[in-house]
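Student: Sharing input-v8.tsv below, TSV, C-alpha atoms and all ligand atoms:
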chain	number	residue	atom	x	y	z
A	634	MET	CA	30.70	15.38	22.12
A	635	SER	CA	27.89	15.22	19.55
A	636	GLU	CA	24.30	15.79	20.67
A	637	PRO	CA	22.21	12.62	21.04
A	638	GLN	CA	19.70	12.27	18.19
A	639	ALA	CA	16.03	12.72	19.05
A	640	ILE	CA	13.94	9.55	18.89
A	641	ALA	CA	11.57	9.69	15.93
A	642	ILE	CA	9.80	6.36	16.53
A	643	GLU	CA	9.69	4.06	19.49
A	644	VAL	CA	7.89	0.73	19.32
A	645	GLU	CA	7.66	-1.33	22.45
A	646	ARG	CA	6.40	-4.89	22.55
A	647	LEU	CA	3.93	-4.48	19.71
A	648	THR	CA	1.86	-7.58	19.02
A	649	TYR	CA	-0.95	-7.57	16.48
A	650	ARG	CA	-3.42	-10.07	15.12
A	651	TYR	CA	-5.72	-9.13	12.24
A	652	PRO	CA	-9.36	-9.41	13.33
A	653	GLY	CA	-10.22	-13.07	12.84
A	654	GLY	CA	-6.93	-13.64	11.05
A	655	ALA	CA	-3.18	-14.03	11.21
A	656	LEU	CA	-0.87	-13.11	14.06
A	657	ALA	CA	1.07	-10.55	12.02
A	658	LEU	CA	3.40	-9.00	14.63
A	659	GLN	CA	4.84	-10.58	17.76
A	660	ASP	CA	6.52	-8.63	20.53
A	661	VAL	CA	8.20	-6.13	18.19
A	662	SER	CA	10.43	-3.50	19.82
A	663	PHE	CA	12.81	-0.99	18.25
A	664	SER	CA	13.46	2.72	18.06
A	665	ILE	CA	14.60	4.99	15.25
A	666	SER	CA	16.48	8.25	15.72
A	667	SER	CA	15.59	11.34	13.75
A	668	GLY	CA	18.28	11.07	11.05
A	669	GLU	CA	18.25	7.32	10.51
A	670	ILE	CA	17.27	5.57	7.28
A	671	VAL	CA	16.12	2.09	8.19
A	672	ALA	CA	15.27	-0.76	5.82
A	673	LEU	CA	12.67	-3.27	6.90
A	674	VAL	CA	13.40	-6.52	5.09
A	675	GLY	CA	12.04	-10.05	5.23
A	676	PRO	CA	10.07	-12.55	3.19
A	677	SER	CA	6.55	-11.86	1.94
A	678	GLY	CA	4.09	-12.17	4.77
A	679	ALA	CA	6.73	-11.28	7.40
A	680	GLY	CA	4.64	-8.36	8.70
A	681	LYS	CA	6.49	-5.43	7.09
A	682	SER	CA	3.40	-3.65	5.72
A	683	THR	CA	1.48	-4.30	8.90
A	684	LEU	CA	4.26	-2.73	10.97
A	685	LEU	CA	4.47	0.35	8.72
A	686	MET	CA	0.70	0.78	8.84
A	687	HIS	CA	0.83	0.77	12.62
A	688	LEU	CA	3.28	3.66	12.60
A	689	ASN	CA	0.74	5.82	10.81
A	690	GLY	CA	-2.27	4.74	12.87
A	691	LEU	CA	-3.78	2.90	9.90
A	692	LEU	CA	-5.00	-0.02	11.98
A	693	PRO	CA	-7.40	1.91	14.19
A	694	GLU	CA	-8.75	-0.98	16.24
A	695	GLN	CA	-5.29	-1.24	17.82
A	696	ILE	CA	-5.13	2.40	18.93
A	697	PRO	CA	-5.88	2.96	22.62
A	698	GLU	CA	-8.28	5.75	23.64
A	699	ASN	CA	-5.59	7.41	25.75
A	700	GLY	CA	-2.70	6.64	28.11
A	701	GLN	CA	0.07	4.21	27.19
A	702	SER	CA	0.64	2.95	23.66
A	703	ALA	CA	3.07	0.46	22.15
A	704	ILE	CA	3.99	3.14	19.59
A	705	THR	CA	5.41	6.60	20.24
A	706	VAL	CA	6.08	9.03	17.38
A	707	CYS	CA	8.16	12.17	18.04
A	708	GLY	CA	7.38	11.83	21.73
A	709	LEU	CA	3.61	11.43	21.22
A	710	PRO	CA	2.03	8.12	22.23
A	711	LEU	CA	-0.19	6.83	19.44
A	712	THR	CA	-3.61	7.23	21.06
A	713	ARG	CA	-6.90	8.29	19.49
A	714	GLY	CA	-6.31	11.83	20.74
A	715	HIS	CA	-2.91	12.05	19.00
A	716	CYS	CA	-3.83	10.07	15.91
A	717	LYS	CA	-4.48	13.03	13.60
A	718	GLU	CA	-1.22	14.74	14.59
A	719	ILE	CA	0.74	11.49	14.21
A	720	ARG	CA	-0.74	10.93	10.75
A	721	ARG	CA	0.53	14.39	9.84
A	722	ARG	CA	3.99	13.67	11.21
A	723	VAL	CA	4.39	10.27	9.58
A	724	GLY	CA	4.30	10.53	5.81
A	725	PHE	CA	3.06	7.16	4.58
A	726	LEU	CA	3.70	5.97	1.04
A	727	PHE	CA	1.55	3.02	0.02
A	728	GLN	CA	3.05	0.20	-2.02
A	729	ASP	CA	0.45	0.67	-4.74
A	730	PRO	CA	-0.21	4.24	-5.94
A	731	ASP	CA	-3.82	3.18	-6.62
A	732	ASP	CA	-4.31	2.93	-2.85
A	733	GLN	CA	-3.12	6.51	-2.40
A	734	LEU	CA	-4.33	8.53	-5.41
A	735	PHE	CA	-8.04	9.19	-5.61
A	736	CYS	CA	-8.52	12.68	-7.09
A	737	PRO	CA	-8.96	13.38	-10.81
A	738	THR	CA	-5.95	15.69	-11.14
A	739	VAL	CA	-2.44	15.84	-9.74
A	740	ARG	CA	-3.13	19.25	-8.19
A	741	GLU	CA	-6.20	18.02	-6.29
A	742	ASP	CA	-4.40	14.96	-5.05
A	743	VAL	CA	-1.38	16.85	-3.74
A	744	ALA	CA	-3.67	19.50	-2.23
A	745	PHE	CA	-5.72	16.98	-0.28
A	746	GLY	CA	-3.35	16.65	2.71
A	747	PRO	CA	-2.56	20.37	3.12
A	748	LEU	CA	-6.29	21.24	2.81
A	749	ASN	CA	-7.02	18.69	5.52
A	750	LEU	CA	-4.48	20.43	7.73
A	751	GLY	CA	-6.61	23.58	7.47
A	752	LEU	CA	-3.96	25.62	5.65
A	753	SER	CA	-4.94	28.77	3.78
A	754	ARG	CA	-5.44	28.70	-0.01
A	755	ASP	CA	-2.14	30.49	-0.59
A	756	GLU	CA	-0.24	28.10	1.68
A	757	VAL	CA	-1.83	25.11	-0.05
A	758	LEU	CA	-0.85	26.46	-3.47
A	759	GLN	CA	2.70	27.03	-2.25
A	760	ARG	CA	2.92	23.51	-0.84
A	761	ILE	CA	1.66	22.06	-4.13
A	762	GLU	CA	4.25	23.99	-6.09
A	763	GLU	CA	7.13	23.14	-3.75
A	764	SER	CA	6.34	19.47	-3.40
A	765	LEU	CA	5.77	18.90	-7.14
A	766	ARG	CA	9.06	20.69	-7.83
A	767	SER	CA	10.86	18.50	-5.27
A	768	VAL	CA	9.71	15.33	-7.04
A	769	GLY	CA	10.48	16.71	-10.50
A	770	LEU	CA	6.85	17.09	-11.59
A	771	SER	CA	6.46	20.88	-11.92
A	772	GLY	CA	3.87	21.60	-14.59
A	773	TYR	CA	1.94	18.36	-13.96
A	774	GLU	CA	-0.77	20.09	-11.89
A	775	GLN	CA	-3.60	19.68	-14.41
A	776	ARG	CA	-2.65	16.18	-15.52
A	777	SER	CA	-4.97	13.30	-14.79
A	778	THR	CA	-3.49	10.90	-12.25
A	779	LEU	CA	-4.82	8.07	-14.42
A	780	GLN	CA	-2.66	9.08	-17.37
A	781	LEU	CA	0.76	8.87	-15.75
A	782	SER	CA	3.41	6.15	-15.66
A	783	VAL	CA	3.80	4.10	-12.47
A	784	GLY	CA	6.97	6.06	-11.63
A	785	GLU	CA	5.17	9.37	-12.08
A	786	ARG	CA	2.22	8.16	-10.03
A	787	LYS	CA	4.60	7.16	-7.21
A	788	ARG	CA	6.17	10.61	-7.38
A	789	VAL	CA	2.73	12.27	-7.21
A	790	CYS	CA	2.02	10.16	-4.11
A	791	LEU	CA	5.32	11.28	-2.60
A	792	ALA	CA	4.54	14.91	-3.47
A	793	GLY	CA	1.24	14.57	-1.59
A	794	VAL	CA	3.12	13.12	1.38
A	795	LEU	CA	5.84	15.81	1.33
A	796	ALA	CA	3.23	18.58	0.99
A	797	CYS	CA	2.20	17.82	4.58
A	798	GLN	CA	5.80	18.39	5.69
A	799	PRO	CA	6.06	15.16	7.74
A	800	ASP	CA	8.78	14.61	10.34
A	801	LEU	CA	9.46	11.10	9.07
A	802	LEU	CA	8.62	8.82	6.18
A	803	ALA	CA	7.22	5.29	6.27
A	804	LEU	CA	7.54	3.83	2.78
A	805	ASP	CA	6.04	0.51	1.73
A	806	GLU	CA	7.98	-0.97	-1.22
A	807	PRO	CA	8.79	2.46	-2.65
A	808	PHE	CA	10.86	0.95	-5.49
A	809	GLY	CA	8.39	-1.80	-6.44
A	810	ASN	CA	7.29	-1.90	-10.11
A	811	LEU	CA	9.67	0.89	-11.12
A	812	ASP	CA	12.12	0.69	-14.01
A	813	PRO	CA	15.79	1.49	-13.25
A	814	ARG	CA	15.50	5.17	-14.23
A	815	ALA	CA	12.36	5.69	-12.12
A	816	ARG	CA	14.07	3.90	-9.20
A	817	ARG	CA	17.11	6.18	-9.43
A	818	SER	CA	14.89	9.23	-9.65
A	819	LEU	CA	12.93	8.20	-6.53
A	820	LEU	CA	16.15	7.41	-4.70
A	821	GLU	CA	17.50	10.90	-5.47
A	822	ILE	CA	14.32	12.47	-4.07
A	823	LEU	CA	14.48	10.37	-0.91
A	824	ARG	CA	18.14	11.36	-0.45
A	825	THR	CA	17.15	15.01	-0.17
A	826	TYR	CA	14.70	14.30	2.67
A	827	SER	CA	16.34	15.00	6.02
A	828	GLY	CA	13.93	13.32	8.48
A	829	ALA	CA	13.96	9.67	9.55
A	830	GLN	CA	12.89	7.08	7.01
A	831	ILE	CA	11.73	3.52	7.48
A	832	LEU	CA	11.13	1.60	4.29
A	833	ALA	CA	10.04	-1.93	3.51
A	834	THR	CA	11.70	-3.27	0.41
A	835	HIS	CA	12.89	-6.41	-1.36
A	836	ASN	CA	15.48	-4.41	-3.29
A	837	LEU	CA	18.55	-5.03	-1.13
A	838	ASP	CA	20.98	-3.35	-3.51
A	839	LEU	CA	19.05	-0.11	-3.04
A	840	VAL	CA	19.17	-0.70	0.70
A	841	VAL	CA	22.98	-0.78	0.43
A	842	GLN	CA	22.91	2.53	-1.43
A	843	HIS	CA	20.35	4.35	0.67
A	844	CYS	CA	20.00	2.99	4.21
A	845	ASN	CA	22.23	2.98	7.26
A	846	ARG	CA	20.45	0.28	9.22
A	847	VAL	CA	18.49	-2.90	8.53
A	848	ILE	CA	15.81	-4.65	10.54
A	849	VAL	CA	15.01	-8.23	9.50
A	850	LEU	CA	11.43	-9.24	10.17
A	851	ASP	CA	10.21	-12.82	9.80
A	852	GLU	CA	6.93	-14.36	10.96
A	853	GLY	CA	6.11	-11.10	12.69
A	854	ARG	CA	9.27	-11.02	14.81
A	855	ILE	CA	12.45	-8.97	14.62
A	856	CYS	CA	15.24	-11.44	13.89
A	857	ALA	CA	18.16	-9.06	13.41
A	858	ASP	CA	18.81	-5.35	13.68
A	859	GLY	CA	22.12	-3.71	12.78
A	860	SER	CA	24.23	-1.97	10.16
A	861	VAL	CA	23.58	-2.63	6.48
A	862	GLU	CA	26.95	-4.28	5.86
A	863	THR	CA	26.78	-6.47	8.96
A	864	ILE	CA	23.30	-7.80	8.31
A	865	LEU	CA	23.04	-8.01	4.53
A	866	ALA	CA	26.48	-9.58	4.00
A	867	ASP	CA	25.62	-12.46	6.33
A	868	ARG	CA	24.71	-15.21	3.90
A	869	SER	CA	23.36	-17.68	6.43
A	870	LEU	CA	21.18	-15.05	8.08
A	871	MET	CA	19.89	-13.92	4.70
A	872	GLU	CA	19.10	-17.43	3.54
A	873	LYS	CA	17.45	-18.36	6.79
A	874	HIS	CA	14.95	-15.56	6.25
A	875	GLY	CA	14.30	-16.12	2.56
A	876	LEU	CA	16.65	-13.32	1.43
A	877	GLU	CA	19.82	-13.11	-0.63
A	878	VAL	CA	23.06	-11.23	-0.11
A	879	PRO	CA	22.83	-8.23	-2.48
A	880	ILE	CA	25.21	-8.29	-5.43
A	881	SER	CA	27.05	-5.23	-4.17
A	882	LEU	CA	27.98	-7.07	-0.93
A	883	ALA	CA	28.46	-10.55	-2.39
A	884	ASN	CA	32.25	-10.29	-2.22
A	885	SER	CA	32.32	-8.59	1.16
A	886	PRO	CA	34.84	-10.18	3.57
A	887	THR	CA	32.00	-10.83	6.03
A	888	THR	CA	29.88	-12.78	3.54
A	889	GLY	CA	29.39	-16.30	4.69
A	890	GLN	CA	30.32	-15.67	8.27
A	891	LYS	CA	27.76	-17.02	10.63
A	892	ALA	CA	26.60	-14.50	13.16
A	893	PRO	CA	26.50	-10.76	12.53
A	894	GLN	CA	27.54	-8.43	15.32
A	895	ALA	CA	24.74	-5.97	15.97
A	896	VAL	CA	25.89	-2.37	16.04
A	897	ASP	CA	23.00	-1.35	18.21
A	898	SER	CA	21.40	-2.78	21.30
A	899	SER	CA	18.87	-5.09	19.69
A	900	PRO	CA	18.45	-8.17	21.86
A	901	ARG	CA	17.10	-10.32	19.03
A	902	MET	CA	19.92	-11.41	16.77
A	903	ASP	CA	19.86	-14.72	15.00
A	904	SER	CA	22.80	-16.90	15.53
A	1001	LIG	P1	4.64	-8.30	4.34
A	1001	LIG	O1	4.38	-6.83	4.16
A	1001	LIG	O2	5.92	-8.58	5.04
A	1001	LIG	O3	4.51	-9.06	3.07
A	1001	LIG	P2	2.09	-8.28	5.69
A	1001	LIG	O4	2.22	-7.26	6.76
A	1001	LIG	O5	1.37	-7.86	4.45
A	1001	LIG	O6	3.52	-8.86	5.33
A	1001	LIG	O7	1.33	-9.54	6.26
A	1001	LIG	C1	1.67	-10.14	7.51
A	1001	LIG	C2	0.67	-11.26	7.80
A	1001	LIG	O8	-0.63	-10.69	8.00
A	1001	LIG	C3	0.54	-12.27	6.68
A	1001	LIG	O9	0.32	-13.53	7.27
A	1001	LIG	C4	-0.71	-11.81	5.95
A	1001	LIG	O10	-1.35	-12.90	5.32
A	1001	LIG	C5	-1.54	-11.24	7.06
A	1001	LIG	N1	-2.43	-10.15	6.61
A	1001	LIG	C6	-2.06	-9.05	5.94
A	1001	LIG	N2	-3.13	-8.25	5.73
A	1001	LIG	C7	-4.18	-8.87	6.29
A	1001	LIG	C8	-5.57	-8.53	6.42
A	1001	LIG	N3	-6.08	-7.41	5.95
A	1001	LIG	N4	-6.38	-9.41	7.07
A	1001	LIG	C9	-5.88	-10.56	7.60
A	1001	LIG	N5	-4.57	-10.92	7.52
A	1001	LIG	C10	-3.74	-10.09	6.87
Transcribe the structure of this file into structure tokens.
Ligand code: ADP
Tutor:
Amino acid sequence: MSEPQAIAIEVERLTYRYPGGALALQDVSFSISSGEIVALVGPSGAGKSTLLMHLNGLLPEQIPENGQSAITVCGLPLTRGHCKEIRRRVGFLFQDPDDQLFCPTVREDVAFGPLNLGLSRDEVLQRIEESLRSVGLSGYEQRSTLQLSVGERKRVCLAGVLACQPDLLALDEPFGNLDPRARRSLLEILRTYSGAQILATHNLDLVVQHCNRVIVLDEGRICADGSVETILADRSLMEKHGLEVPISLANSPTTGQKAPQAVDSSPRMDS
């Protein structure tokens, strides 16, 4: 018998309202095992970014001082005491590189995380070299982050994330604004990463290529959770949540059938 996979993320009954604003997440529960690659899909405003930000402790007013938390990462409840460690373990890639890059050079930007971890100078230099190599940007150390293409800037962001050696990745629209070559290049890099990944995206064809599970979020609620083929080939489910069956699954025998069969234990499937 194969060993059960460790749980990378567990979210239990997470509800969140922005201060003075929208109810962005309602009673969201799911868990992700260490090797899973999970796509978070849904219409704009569904709560995808808000959910990803929670996983990295980026909405601090929600984080309890100690004790129980709606979010557990690698066995650690997301409390103020564990926040720094959880931010190290969850590598977060912002949708817009401008939100992530803030140093004048590539080297300084990639070094920022490892320096914050208190690593020695030699270790930091090694992490910079390894992570830039892994994203195909060796030799870019002295380049200005302002003078790179969007695809290169995304890869610098990812290098900075990987330099902290996270246990899992939370990626907000990683393929947004990239041309086909830059998308393929990013996809290749993500394929070499062995930890869990959860990524919000509108690019459902890339979900088919890269992910093994899909969670559909709409109006802050999980509406479906299952295998890529089961969920994304279900035309009525897709249309109901403002999505389209990806071209690569358009001729699937399940397309057009009404209710997908969840492959996992999610209790919230649309019918
Ligand atoms: P998605 O990533 O699926 O497009 P978001 O997580 O960005 O959705 O947004 C979910 C809901 O929260 C939307 O109604 C959005 O308007 C609202 N929202 C997002 N960010 C903020 C914010 N900083 N302040 C108030 N409301 C916000």
Student: As a quick test: using only C-alpha atoms and all ligand atoms, which residues lie no more than 7 Å away from ligand LIG 1001 (chain A)? Give them as a PyMOL selection string.
Tutor: chain A and resi 651-652+654-657+675-684+853
Student: Please provide as a PyMOL selection string all residues within 12 Å of Arg766 (chain A), with the sequence filter that same-chain residues fewer than 6 positions apart are discarded (counting only C-alpha atoms).
Tutor: chain A and resi 743+759-760+772-774+788-789+791-793+795-796+822
Student: Would you write out those residues with C-alpha atoms, as an mmCIF file, keeping the file's coordinate frame?
Tutor:
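Result saved to out-v3.cif:
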data_model
loop_
_atom_site.group_PDB
_atom_site.id
_atom_site.type_symbol
_atom_site.label_atom_id
_atom_site.label_comp_id
_atom_site.auth_asym_id
_atom_site.auth_seq_id
_atom_site.Cartn_x
_atom_site.Cartn_y
_atom_site.Cartn_z
ATOM 1 C CA VAL A 743 -1.380 16.850 -3.740
ATOM 2 C CA GLN A 759 2.700 27.030 -2.250
ATOM 3 C CA ARG A 760 2.920 23.510 -0.840
ATOM 4 C CA GLY A 772 3.870 21.600 -14.590
ATOM 5 C CA TYR A 773 1.940 18.360 -13.960
ATOM 6 C CA GLU A 774 -0.770 20.090 -11.890
ATOM 7 C CA ARG A 788 6.170 10.610 -7.380
ATOM 8 C CA VAL A 789 2.730 12.270 -7.210
ATOM 9 C CA LEU A 791 5.320 11.280 -2.600
ATOM 10 C CA ALA A 792 4.540 14.910 -3.470
ATOM 11 C CA GLY A 793 1.240 14.570 -1.590
ATOM 12 C CA LEU A 795 5.840 15.810 1.330
ATOM 13 C CA ALA A 796 3.230 18.580 0.990
ATOM 14 C CA ILE A 822 14.320 12.470 -4.070
#
Student: Write out as a list in words the residues lying within 9 Å of Leu726 (chain A), counting all atoms listed in the file and excluding same-chain residues fewer than 3 positions away.
Tutor: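 What passes the distance filter is Asp729, Pro730, Gln733, Lys787, Cys790, Leu791, Val794, Leu802, Ala803, Leu804, Asp805, Glu806 and Pro807 of chain A.
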Student: For the selection you just gave me, I'd like the residues written to a file as a compact mmCIF listing (two decimals), in the coordinates of the input, keeping C-alpha atoms.
Tutor:
# COMPACT_ATOMS: atom_id res chain seq x y z
CA ASP A 729 0.45 0.67 -4.74
CA PRO A 730 -0.21 4.24 -5.94
CA GLN A 733 -3.12 6.51 -2.40
CA LYS A 787 4.60 7.16 -7.21
CA CYS A 790 2.02 10.16 -4.11
CA LEU A 791 5.32 11.28 -2.60
CA VAL A 794 3.12 13.12 1.38
CA LEU A 802 8.62 8.82 6.18
CA ALA A 803 7.22 5.29 6.27
CA LEU A 804 7.54 3.83 2.78
CA ASP A 805 6.04 0.51 1.73
CA GLU A 806 7.98 -0.97 -1.22
CA PRO A 807 8.79 2.46 -2.65
Student: With only C-alpha atoms counted and 8 Å as the cut-off, give the residues of region 783-842 of chain A in contact with region 873-887 of chain A, each with its shortest interatomic distance in Å and the pair that gives it, as a Markdown table.
Tutor:
| residue | atom | partner | partner_atom | distance |
| --- | --- | --- | --- | --- |
| A:Leu837 | CA | A:Pro879 | CA | 5.5 |
| A:Asp838 | CA | A:Pro879 | CA | 5.3 |
| A:Val841 | CA | A:Ser881 | CA | 7.6 |
Student: Taking (-3.9, 7.1, 23.4) as a centre in this file's frame and 7 Å as the limit, can you find every polymer residue with an atom that close, using only C-alpha atoms, and give them as an MDAnalysis selection string?
Tutor: chainID A and resid 696:702 710:715
Student: How far is it from CA of Ala815 (chain A) to CA of Gly769 (chain A), in Å with one decimal?
Tutor: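 Between these atoms lies a distance of 11.3 Å.
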Student: Write out N, CA and C atoms for region 824-840 of chain A, as a PDB file, in the frame of the given file.
Tutor:
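Dumped to part39.pdb:
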ATOM      1  N   ARG A 824      16.860  10.918  -1.017  1.00  0.00           N
ATOM      2  CA  ARG A 824      18.140  11.360  -0.450  1.00  0.00           C
ATOM      3  C   ARG A 824      18.086  12.801   0.026  1.00  0.00           C
ATOM      4  N   THR A 825      17.205  13.596  -0.552  1.00  0.00           N
ATOM      5  CA  THR A 825      17.150  15.010  -0.170  1.00  0.00           C
ATOM      6  C   THR A 825      16.283  15.210   1.084  1.00  0.00           C
ATOM      7  N   TYR A 826      15.582  14.170   1.501  1.00  0.00           N
ATOM      8  CA  TYR A 826      14.700  14.300   2.670  1.00  0.00           C
ATOM      9  C   TYR A 826      15.531  14.107   3.938  1.00  0.00           C
ATOM     10  N   SER A 827      15.412  15.037   4.880  1.00  0.00           N
ATOM     11  CA  SER A 827      16.340  15.000   6.020  1.00  0.00           C
ATOM     12  C   SER A 827      15.791  14.276   7.257  1.00  0.00           C
ATOM     13  N   GLY A 828      14.486  13.994   7.300  1.00  0.00           N
ATOM     14  CA  GLY A 828      13.930  13.320   8.480  1.00  0.00           C
ATOM     15  C   GLY A 828      14.240  11.831   8.461  1.00  0.00           C
ATOM     16  N   ALA A 829      13.768  11.127   9.487  1.00  0.00           N
ATOM     17  CA  ALA A 829      13.960   9.670   9.550  1.00  0.00           C
ATOM     18  C   ALA A 829      13.145   8.998   8.452  1.00  0.00           C
ATOM     19  N   GLN A 830      13.639   7.862   7.999  1.00  0.00           N
ATOM     20  CA  GLN A 830      12.890   7.080   7.010  1.00  0.00           C
ATOM     21  C   GLN A 830      12.917   5.616   7.447  1.00  0.00           C
ATOM     22  N   ILE A 831      11.758   4.983   7.323  1.00  0.00           N
ATOM     23  CA  ILE A 831      11.730   3.520   7.480  1.00  0.00           C
ATOM     24  C   ILE A 831      11.028   2.978   6.236  1.00  0.00           C
ATOM     25  N   LEU A 832      11.708   2.066   5.540  1.00  0.00           N
ATOM     26  CA  LEU A 832      11.130   1.600   4.290  1.00  0.00           C
ATOM     27  C   LEU A 832      11.213   0.091   4.177  1.00  0.00           C
ATOM     28  N   ALA A 833      10.080  -0.489   3.767  1.00  0.00           N
ATOM     29  CA  ALA A 833      10.040  -1.930   3.510  1.00  0.00           C
ATOM     30  C   ALA A 833      10.393  -2.154   2.062  1.00  0.00           C
ATOM     31  N   THR A 834      11.329  -3.028   1.811  1.00  0.00           N
ATOM     32  CA  THR A 834      11.700  -3.270   0.410  1.00  0.00           C
ATOM     33  C   THR A 834      12.324  -4.649   0.244  1.00  0.00           C
ATOM     34  N   HIS A 835      12.186  -5.183  -0.992  1.00  0.00           N
ATOM     35  CA  HIS A 835      12.890  -6.410  -1.360  1.00  0.00           C
ATOM     36  C   HIS A 835      14.147  -6.081  -2.152  1.00  0.00           C
ATOM     37  N   ASN A 836      14.329  -4.797  -2.463  1.00  0.00           N
ATOM     38  CA  ASN A 836      15.480  -4.410  -3.290  1.00  0.00           C
ATOM     39  C   ASN A 836      16.692  -4.116  -2.391  1.00  0.00           C
ATOM     40  N   LEU A 837      17.475  -5.171  -2.121  1.00  0.00           N
ATOM     41  CA  LEU A 837      18.550  -5.030  -1.130  1.00  0.00           C
ATOM     42  C   LEU A 837      19.730  -4.238  -1.666  1.00  0.00           C
ATOM     43  N   ASP A 838      19.903  -4.189  -2.984  1.00  0.00           N
ATOM     44  CA  ASP A 838      20.980  -3.350  -3.510  1.00  0.00           C
ATOM     45  C   ASP A 838      20.671  -1.868  -3.261  1.00  0.00           C
ATOM     46  N   LEU A 839      19.402  -1.502  -3.361  1.00  0.00           N
ATOM     47  CA  LEU A 839      19.050  -0.110  -3.040  1.00  0.00           C
ATOM     48  C   LEU A 839      19.165   0.166  -1.541  1.00  0.00           C
ATOM     49  N   VAL A 840      18.959  -0.860  -0.740  1.00  0.00           N
ATOM     50  CA  VAL A 840      19.170  -0.700   0.700  1.00  0.00           C
ATOM     51  C   VAL A 840      20.637  -0.347   0.963  1.00  0.00           C
TER      52      VAL A 840
END
